[in-house]
Amino acid sequence: MWAFIKKEFLYIFRDYRTMLILFGMPLAQIMLFGFAITNDINNAHIAILDHSKDVVTREITRKLLSSHYFILDSYLKSDKQIKPAFRKGEIKEVVVFEKDFAKKMTTEGKAHVQLILDASNPNTANILNSYTKGIIDTYLFHNLLEEGKIPIRVDVQSTMLYNQQLKSVFMFVPGIITVILMLVSAMMTSITIVREKELGTMEALLVSPIKPGIIIIGKVIPYVVLSFINLIIILLLSQFVFGMPIRGSVPLLLGESLLFLIMSLSLGILISTVSKTQQQAMMLSMFGLLLPTILLSGFIFPIENMPVVLQILSDIMPGKWFIIIIKNIMLKGIGITYFWKETLIILGMTVVFVGMSIKRFSVRLEE
Amino acid sequence: MSVTINIKNLVKTFEKAEALKDISLNIQPNELFGFIGPDGAGKTTLFRILTSLILADSGTVHINQWDVVNNYKEIRKITGYMPGRFSLYMDLTVQENLEFYAKLFGTTIKENYDLIKDVYEQIAPFKNRRAGALSGGMKQKLALSCALIHKPRLLVLDEPTTGVDAVSRKEFWELLKKMQKKDITILVSTPYMDEAALCDRVALMQSGKLLSLNTPQHIIDDFEGNLFAVKTENMYTLLNNLAAFEKKTQAYRFGENIHLVSHAGTQKTKENITAYLSGKGYREITVKQIKPVIEDCFLALMNNTNAS
């Protein structure tokens with residue numbers, strides 16, 4: 001068996017493309033998701049249509065622009081300019097103050113601000129909307145206090161637990177860990193086993209008195225080790241580059257990851273038993289595992305918003321449960337008592353896949 | 001110590017084709033036995049059944065007392081198998097490949113070095129080169145070393161010389177002869193008819209059937225009829241004209257000649273051919289009666305089975 005492990009390691013290190021996929025991809029992905037693909041909003045371009053141009057509106061405008069969320073694109077002069085401004089596509093929001101804004105505030109006790117948003121990206125529009133509202137509310141609140149009036153209002157205080165700054169990295173890292181562990185383990189193992197079939201070395205291996213179980217274990221162990229190294233790299237990166245905390249126990253995190261790894265590896269073996277060529281194995285792991293994991297595991301799209309059918313489908317995605325587990329450990333810092341159910345589900349899946357692949361991996365050639 | 005093989009009524013059908021049709025034969029201990037036949041004759045299928053890699057539909061195979069289906073574990077211990085495709089790890093060096101196969105069978109290179117010495121010495125200068133960078137002949141020698149490393153009693157070689165140059169082929173067969181002296185039963189398959197003469201006994205196979213099974217000499221002796229090599233200055237239309245010649249049983253292209261087979265006992269065939277051809281306007285006609293080689297025998301046997 002040691003011979004196997006040694007051979008497999010030699011093979012991986014000789015093949016620089018494999019190495020590149022193994023170690024380059026995780027790095028690239030985490031950098032991409034961390035820096036480029038982010039839901040946080042900075043520097044959104046806005047336009048302002050101020051019919052009033054008094055102290056209060058100017059003050060609010062100044063407040064808006066001094067937050068780093070908005071950049072002033074232009075001042076508009078009339079309502080007619082709003083639509084053309086949006087059509088140019090550079091602005092995301094127009095803030096409209098009604099006439100005699102300050103005056104109405106003092107006399108009538110209320111005044112109107114209209115927010116017009118480009119909702120072609122609904123998420124962005126929503127976030128901008130609430131940012132703007134928040135800034136205006138805060139201003140008015142302080143303003144009233146200064147005038148010595150105690151404003152009568154219900155103040156909703158939202159606290160963002162576990163991720164105060166709403167950093168999207170916090171959401172992506174667990175997802176990336178899941179995707180990478182899944183991909184490296186399942187895809188790489190299935191490819192290497194199928195490669196032996198393709199090369200004809202599988203025939204030679206099968207003819208030897210060595211047991212199929214040993215062949216598989218020997219092939220799989222190097223990938224367990226490599227994926228584990230990968231996991232640690234991702235965790236270190238997310239902590240030191242993006243400031244993602246690990247609030248829970250590290251050994252528990254590693255242990256759960258190992259379980260998930262073994263699950264993915266057995267899936268990989270299962271894939272290898274049904275595919276005849278390396279391409280086939282790759283396609284199967286890409287479309288059969290990677291895409292569903294990204295789309296259905298709650299990595300990017302919240303599961304609660306999906307149609308019921310997809311929600312049920314997402315339940316059979318091992319990634320979904322694993323993401324729940326690592327989010328719990330890393331962000332909430334809670335122990336296994338809170339997610340033993342999820343752990344059990346992954347454990348069950350592992351048992352099923354290992355059983356299936358042992359049953360399918362035959363001591364003879366398939367025809 | 002080397003093994004006997006009993007094959008009885010072996011049948012194997014794939015989805016689209018019958019690969020083996022009722023094959024029965026015995027192989028003696030210490031024999032260098034050749035399976036000769038074109039692609040698709042069923043050689044690889046037969047070898048895979050012998051090495052317990054696939055199961056036959058019906059019929060039995062016994063290697064010594066062991067049945068290939070039930071006792072495959074024992075058989076795998078004593079068998080060295082070289083699949084038709086290069087069964088080497090192309091990214092590993094020669095040395096690493098050999099070490100890996102040695103460990104696979106729980107042995108070391110040192111332990112059985114005397115057995116592979118002859119083969120390995122020829123590739124030793126390249127032992128730190130990757131297997132993928134070796135020439136075809138070298139790859140096959142390395143694959144042979146790997147198949148021999150655990151001192152098998154039975155060596156099964158599936159088309160070991162296909163795609164290998166003529167010199168390496170010759171060397172390879174010399175090596176096999178040496179191995180045979182070390183008390184190993186050797187089964188070889190090959191599409192090259194000229195290699196048949198190097199085996200102790202050969203089985204000629206076509207479309208899953210045994211056409212003939214004998215020593216190469218006997219197969220040649222059993223050739224029916226007389227064989228002529230015909231050559232003229234215009235070879236272009238010669239085959240068609242000879243095919244129309246009444247007294248022949250078979251005419252086919254063979255190297256730079258056309259081979260023509262006539263019934264045994266017909267007299268003056270040589271003169272008849274010459275007369276027939278000059279009547280058709282050919283010049284520089286040479287007709288020689290020659291001794292058949294295995295390929296002639298194979299084609300004759302094929303012709304017979306197709307006719308019947």
# chains A, B, ... in the order shown; residues from 1 in each chain; ligands from 1
$ select_by_dssp --residues "stretch 73-282 of chain B" --states "helix (DSSP H, G or I)" --output "PyMOL selection string"
chain B and resi 73-78+94-104+113-126+131-133+136-148+166-181+193-198+216-221+238-243+269-279
$ interface_residues --of "chain B" --to "chain A" --cutoff "8 Å" --atoms "only C-alpha atoms" --output "number ranges by chain"
B: 51-54, 73-74, 76-77, 79-83, 85-89, 91-92, 96, 100, 103-105
$ write_last_selection --atoms "C-alpha atoms" --output "PDB file, in the first residue's frame"
ATOM      1  CA  THR B  51      -6.061 -14.010 -16.536  1.00  0.00           C
ATOM      2  CA  SER B  52      -9.480 -13.872 -14.795  1.00  0.00           C
ATOM      3  CA  LEU B  53     -10.108 -10.295 -15.892  1.00  0.00           C
ATOM      4  CA  ILE B  54     -13.399 -11.111 -17.564  1.00  0.00           C
ATOM      5  CA  LYS B  73      -6.798 -15.341  -6.396  1.00  0.00           C
ATOM      6  CA  GLU B  74      -4.331 -18.225  -6.727  1.00  0.00           C
ATOM      7  CA  ARG B  76      -3.340 -13.974 -10.044  1.00  0.00           C
ATOM      8  CA  LYS B  77      -0.414 -14.830  -7.783  1.00  0.00           C
ATOM      9  CA  THR B  79       0.488 -14.993 -13.509  1.00  0.00           C
ATOM     10  CA  GLY B  80       2.506 -12.284 -15.179  1.00  0.00           C
ATOM     11  CA  TYR B  81       0.332 -10.385 -17.626  1.00  0.00           C
ATOM     12  CA  MET B  82       1.324  -7.783 -20.162  1.00  0.00           C
ATOM     13  CA  PRO B  83      -1.786  -6.123 -21.593  1.00  0.00           C
ATOM     14  CA  ARG B  85      -1.665  -1.384 -24.287  1.00  0.00           C
ATOM     15  CA  PHE B  86       1.469  -0.208 -22.509  1.00  0.00           C
ATOM     16  CA  SER B  87       0.642  -0.872 -18.896  1.00  0.00           C
ATOM     17  CA  LEU B  88       3.247   1.525 -17.573  1.00  0.00           C
ATOM     18  CA  TYR B  89       3.082   4.766 -15.651  1.00  0.00           C
ATOM     19  CA  ASP B  91       5.314   9.872 -15.694  1.00  0.00           C
ATOM     20  CA  LEU B  92       7.368   7.492 -13.564  1.00  0.00           C
ATOM     21  CA  GLU B  96      10.180   3.587 -10.326  1.00  0.00           C
ATOM     22  CA  PHE B 100       6.176  -0.242  -8.026  1.00  0.00           C
ATOM     23  CA  LYS B 103       6.052  -3.983  -4.368  1.00  0.00           C
ATOM     24  CA  LEU B 104       2.648  -4.693  -5.813  1.00  0.00           C
ATOM     25  CA  PHE B 105       3.495  -8.377  -5.732  1.00  0.00           C
TER      26      PHE B 105
END
$ select_by_dssp --residues "stretch 158-209 of chain B" --states "strand (DSSP E)" --output "PyMOL selection string"
chain B and resi 158+185-190+201-206+209
$ write_last_selection --atoms "C-alpha atoms" --output "compact mmCIF listing (two decimals), in the first residue's frame"
# COMPACT_ATOMS: atom_id res chain seq x y z
CA ASP B 158 -0.95 -9.72 -25.41
CA THR B 185 4.82 -21.28 -19.55
CA ILE B 186 4.47 -18.45 -22.03
CA LEU B 187 1.40 -17.46 -24.04
CA VAL B 188 1.93 -14.88 -26.75
CA SER B 189 -0.52 -13.39 -29.19
CA THR B 190 0.55 -11.61 -32.32
CA ARG B 201 3.04 -24.54 -31.01
CA VAL B 202 0.63 -22.07 -32.50
CA ALA B 203 -3.10 -21.68 -32.67
CA LEU B 204 -4.32 -19.88 -35.77
CA MET B 205 -7.40 -17.89 -34.88
CA GLN B 206 -9.97 -16.02 -36.88
CA LYS B 209 -12.57 -19.74 -34.02
$ atom_distance --atom1 "atom CA of B:Gly163" --atom2 "atom CA of B:Gly84"
10.5 Å
$ residues_around --residues "A:His68" --least-positions-apart "6" --cutoff "9 Å" --atoms "only C-alpha atoms" --output "number ranges by chain"
A: 42-44
$ write_last_selection --atoms "C-alpha atoms" --output "PDB file, in the first residue's frame"
ATOM      1  CA  ASN A  42     -18.944  51.041  -2.462  1.00  0.00           C
ATOM      2  CA  ASN A  43     -18.924  54.171  -4.584  1.00  0.00           C
ATOM      3  CA  ALA A  44     -22.334  53.892  -6.188  1.00  0.00           C
TER       4      ALA A  44
END
$ residues_around --residues "A:Phe353" --least-positions-apart "3" --cutoff "12 Å" --atoms "only C-alpha atoms" --output "NGL selection string"
:A and (186 or 260 or 262-271 or 273 or 318 or 346-350 or 356-361)
$ write_last_selection --atoms "N, CA and C atoms" --output "JSON list (two decimals), in the first residue's frame"
[["chain", "number", "residue", "atom", "x", "y", "z"],
["A", 186, "ALA", "N", -13.35, 14.76, -5.20],
["A", 186, "ALA", "CA", -14.15, 13.92, -6.08],
["A", 186, "ALA", "C", -13.58, 13.89, -7.49],
["A", 260, "PHE", "N", -16.19, 15.35, 5.60],
["A", 260, "PHE", "CA", -16.72, 15.79, 4.31],
["A", 260, "PHE", "C", -15.81, 15.35, 3.16],
["A", 262, "ILE", "N", -13.86, 12.71, 3.10],
["A", 262, "ILE", "CA", -14.02, 11.27, 2.85],
["A", 262, "ILE", "C", -15.29, 11.03, 2.05],
["A", 263, "MET", "N", -16.32, 11.81, 2.39],
["A", 263, "MET", "CA", -17.57, 11.69, 1.64],
["A", 263, "MET", "C", -17.32, 12.01, 0.16],
["A", 264, "SER", "N", -16.60, 13.11, -0.11],
["A", 264, "SER", "CA", -16.36, 13.50, -1.50],
["A", 264, "SER", "C", -15.50, 12.47, -2.22],
["A", 265, "LEU", "N", -14.51, 11.93, -1.50],
["A", 265, "LEU", "CA", -13.65, 10.93, -2.11],
["A", 265, "LEU", "C", -14.45, 9.70, -2.52],
["A", 266, "SER", "N", -15.35, 9.28, -1.65],
["A", 266, "SER", "CA", -16.11, 8.09, -2.00],
["A", 266, "SER", "C", -17.03, 8.39, -3.18],
["A", 267, "LEU", "N", -17.50, 9.65, -3.24],
["A", 267, "LEU", "CA", -18.28, 10.04, -4.42],
["A", 267, "LEU", "C", -17.42, 9.95, -5.67],
["A", 268, "GLY", "N", -16.16, 10.38, -5.53],
["A", 268, "GLY", "CA", -15.23, 10.32, -6.65],
["A", 268, "GLY", "C", -15.02, 8.90, -7.13],
["A", 269, "ILE", "N", -14.87, 7.99, -6.18],
["A", 269, "ILE", "CA", -14.68, 6.58, -6.55],
["A", 269, "ILE", "C", -15.92, 6.08, -7.28],
["A", 270, "LEU", "N", -17.07, 6.49, -6.77],
["A", 270, "LEU", "CA", -18.32, 6.08, -7.40],
["A", 270, "LEU", "C", -18.37, 6.58, -8.84],
["A", 271, "ILE", "N", -17.97, 7.83, -9.04],
["A", 271, "ILE", "CA", -17.95, 8.39, -10.39],
["A", 271, "ILE", "C", -17.00, 7.58, -11.27],
["A", 273, "THR", "N", -16.26, 4.55, -11.15],
["A", 273, "THR", "CA", -16.74, 3.23, -11.55],
["A", 273, "THR", "C", -17.76, 3.30, -12.68],
["A", 318, "PRO", "N", -24.71, 17.27, -0.42],
["A", 318, "PRO", "CA", -23.91, 17.19, 0.79],
["A", 318, "PRO", "C", -23.35, 18.56, 1.16],
["A", 346, "ILE", "N", -24.16, 13.89, 6.83],
["A", 346, "ILE", "CA", -22.96, 13.69, 6.01],
["A", 346, "ILE", "C", -22.38, 12.30, 6.25],
["A", 347, "LEU", "N", -22.38, 11.89, 7.52],
["A", 347, "LEU", "CA", -21.87, 10.56, 7.86],
["A", 347, "LEU", "C", -22.67, 9.49, 7.12],
["A", 348, "GLY", "N", -23.99, 9.66, 7.14],
["A", 348, "GLY", "CA", -24.85, 8.70, 6.45],
["A", 348, "GLY", "C", -24.54, 8.65, 4.96],
["A", 349, "MET", "N", -24.38, 9.83, 4.36],
["A", 349, "MET", "CA", -24.05, 9.88, 2.93],
["A", 349, "MET", "C", -22.74, 9.16, 2.66],
["A", 350, "THR", "N", -21.75, 9.39, 3.54],
["A", 350, "THR", "CA", -20.45, 8.74, 3.37],
["A", 350, "THR", "C", -20.62, 7.23, 3.34],
["A", 356, "MET", "N", -21.67, 1.84, -1.88],
["A", 356, "MET", "CA", -21.98, 1.72, -3.29],
["A", 356, "MET", "C", -20.72, 1.55, -4.13],
["A", 357, "SER", "N", -19.67, 2.31, -3.80],
["A", 357, "SER", "CA", -18.49, 2.23, -4.66],
["A", 357, "SER", "C", -17.74, 0.92, -4.46],
["A", 358, "ILE", "N", -17.76, 0.39, -3.25],
["A", 358, "ILE", "CA", -17.11, -0.91, -3.05],
["A", 358, "ILE", "C", -17.87, -1.97, -3.83],
["A", 359, "LYS", "N", -19.20, -1.86, -3.81],
["A", 359, "LYS", "CA", -19.99, -2.84, -4.53],
["A", 359, "LYS", "C", -19.74, -2.76, -6.03],
["A", 360, "ARG", "N", -19.57, -1.51, -6.52],
["A", 360, "ARG", "CA", -19.40, -1.33, -7.96],
["A", 360, "ARG", "C", -17.98, -1.59, -8.44],
["A", 361, "PHE", "N", -17.00, -1.39, -7.54],
["A", 361, "PHE", "CA", -15.62, -1.56, -7.98],
["A", 361, "PHE", "C", -15.33, -3.05, -8.06]]
$ residues_around --residues "A:Leu261" --least-positions-apart "6" --cutoff "9 Å" --atoms "only C-alpha atoms" --output "ChimeraX atom specification"
/A:181-182,185-186,224,227-228
$ residues_around --residues "stretch 265-274 of chain B" --least-positions-apart "4" --cutoff "9 Å" --atoms "only C-alpha atoms" --output "tab-separated table (two decimals) with N, CA and C atoms, in the first residue's frame"
chain	number	residue	atom	x	y	z
B	225	GLY	N	-2.01	-28.52	-51.56
B	225	GLY	CA	-1.81	-27.93	-52.87
B	225	GLY	C	-0.40	-27.41	-53.06
B	226	ASN	N	-0.19	-26.83	-54.22
B	226	ASN	CA	1.12	-26.27	-54.53
B	226	ASN	C	1.03	-24.76	-54.53
B	228	PHE	N	2.69	-21.09	-55.74
B	228	PHE	CA	3.57	-20.45	-56.71
B	228	PHE	C	3.63	-18.96	-56.44
B	230	VAL	N	4.21	-15.54	-58.36
B	230	VAL	CA	4.14	-15.08	-59.74
B	230	VAL	C	4.51	-13.61	-59.79
B	242	LEU	N	-5.17	-13.45	-62.60
B	242	LEU	CA	-4.88	-14.74	-61.95
B	242	LEU	C	-6.10	-15.26	-61.20
B	245	PHE	N	-8.01	-17.38	-63.30
B	245	PHE	CA	-7.33	-18.59	-63.75
B	245	PHE	C	-8.04	-19.82	-63.18
B	247	LYS	N	-7.41	-23.08	-62.80
B	247	LYS	CA	-6.86	-24.18	-62.00
B	247	LYS	C	-6.37	-23.75	-60.63
B	278	SER	N	1.08	-15.35	-70.78
B	278	SER	CA	1.58	-14.78	-72.03
B	278	SER	C	0.44	-14.65	-73.04
B	279	GLY	N	-0.57	-15.53	-72.92
B	279	GLY	CA	-1.76	-15.40	-73.74
B	279	GLY	C	-2.48	-14.09	-73.47
B	285	ILE	N	7.56	-12.83	-67.43
B	285	ILE	CA	6.82	-13.63	-66.46
B	285	ILE	C	7.77	-14.56	-65.72
B	286	THR	N	7.75	-14.46	-64.36
B	286	THR	CA	8.49	-15.46	-63.57
B	286	THR	C	7.50	-16.18	-62.69
B	287	VAL	N	7.53	-17.49	-62.74
B	287	VAL	CA	6.67	-18.31	-61.88
B	287	VAL	C	7.58	-19.27	-61.14
B	288	LYS	N	7.51	-19.24	-59.80
B	288	LYS	CA	8.38	-20.11	-59.01
B	288	LYS	C	7.52	-20.92	-58.06
B	289	GLN	N	7.78	-22.20	-57.97
B	289	GLN	CA	7.10	-22.96	-56.93
B	289	GLN	C	7.85	-22.73	-55.62
$ residues_around --residues "B:Phe33" --least-positions-apart "2" --cutoff "12 Å" --atoms "only C-alpha atoms" --output "number ranges by chain"
B: 4-5, 25-31, 35-36, 154-158, 176-177, 180, 184-190, 195-204, 213-216
$ write_last_selection --atoms "C-alpha atoms" --output "compact mmCIF listing (two decimals), in the first residue's frame"
# COMPACT_ATOMS: atom_id res chain seq x y z
CA THR B 4 -0.69 -26.59 -17.66
CA ILE B 5 -3.75 -24.91 -19.08
CA LEU B 25 -7.25 -26.45 -26.25
CA ASN B 26 -4.55 -27.65 -23.89
CA ILE B 27 -1.26 -25.99 -23.23
CA GLN B 28 1.65 -28.03 -21.91
CA PRO B 29 4.01 -26.99 -19.14
CA ASN B 30 6.92 -24.89 -20.24
CA GLU B 31 5.50 -24.29 -23.67
CA PHE B 35 -1.99 -17.27 -30.74
CA ILE B 36 -1.83 -15.96 -34.27
CA LEU B 154 2.67 -18.32 -16.35
CA LEU B 155 3.45 -15.37 -18.58
CA VAL B 156 0.66 -13.99 -20.74
CA LEU B 157 1.72 -11.44 -23.36
CA ASP B 158 -0.95 -9.72 -25.41
CA LEU B 176 11.14 -14.92 -24.60
CA LYS B 177 13.16 -17.97 -25.60
CA GLN B 180 11.11 -20.22 -21.44
CA ILE B 184 7.79 -20.46 -17.37
CA THR B 185 4.82 -21.28 -19.55
CA ILE B 186 4.47 -18.45 -22.03
CA LEU B 187 1.40 -17.46 -24.04
CA VAL B 188 1.93 -14.88 -26.75
CA SER B 189 -0.52 -13.39 -29.19
CA THR B 190 0.55 -11.61 -32.32
CA GLU B 195 6.54 -14.69 -35.56
CA ALA B 196 4.59 -17.93 -35.49
CA ALA B 197 7.64 -19.93 -36.56
CA LEU B 198 9.33 -18.91 -33.30
CA CYS B 199 6.70 -20.59 -31.10
CA ASP B 200 6.65 -24.23 -30.00
CA ARG B 201 3.04 -24.54 -31.01
CA VAL B 202 0.63 -22.07 -32.50
CA ALA B 203 -3.10 -21.68 -32.67
CA LEU B 204 -4.32 -19.88 -35.77
CA LEU B 213 -3.51 -25.87 -33.74
CA ASN B 214 -0.11 -27.48 -34.22
CA THR B 215 3.61 -26.89 -34.32
CA PRO B 216 4.57 -24.33 -36.95
$ atom_distance --atom1 "atom CA of A:Met171" --atom2 "atom CA of A:Asp118"
25.2 Å
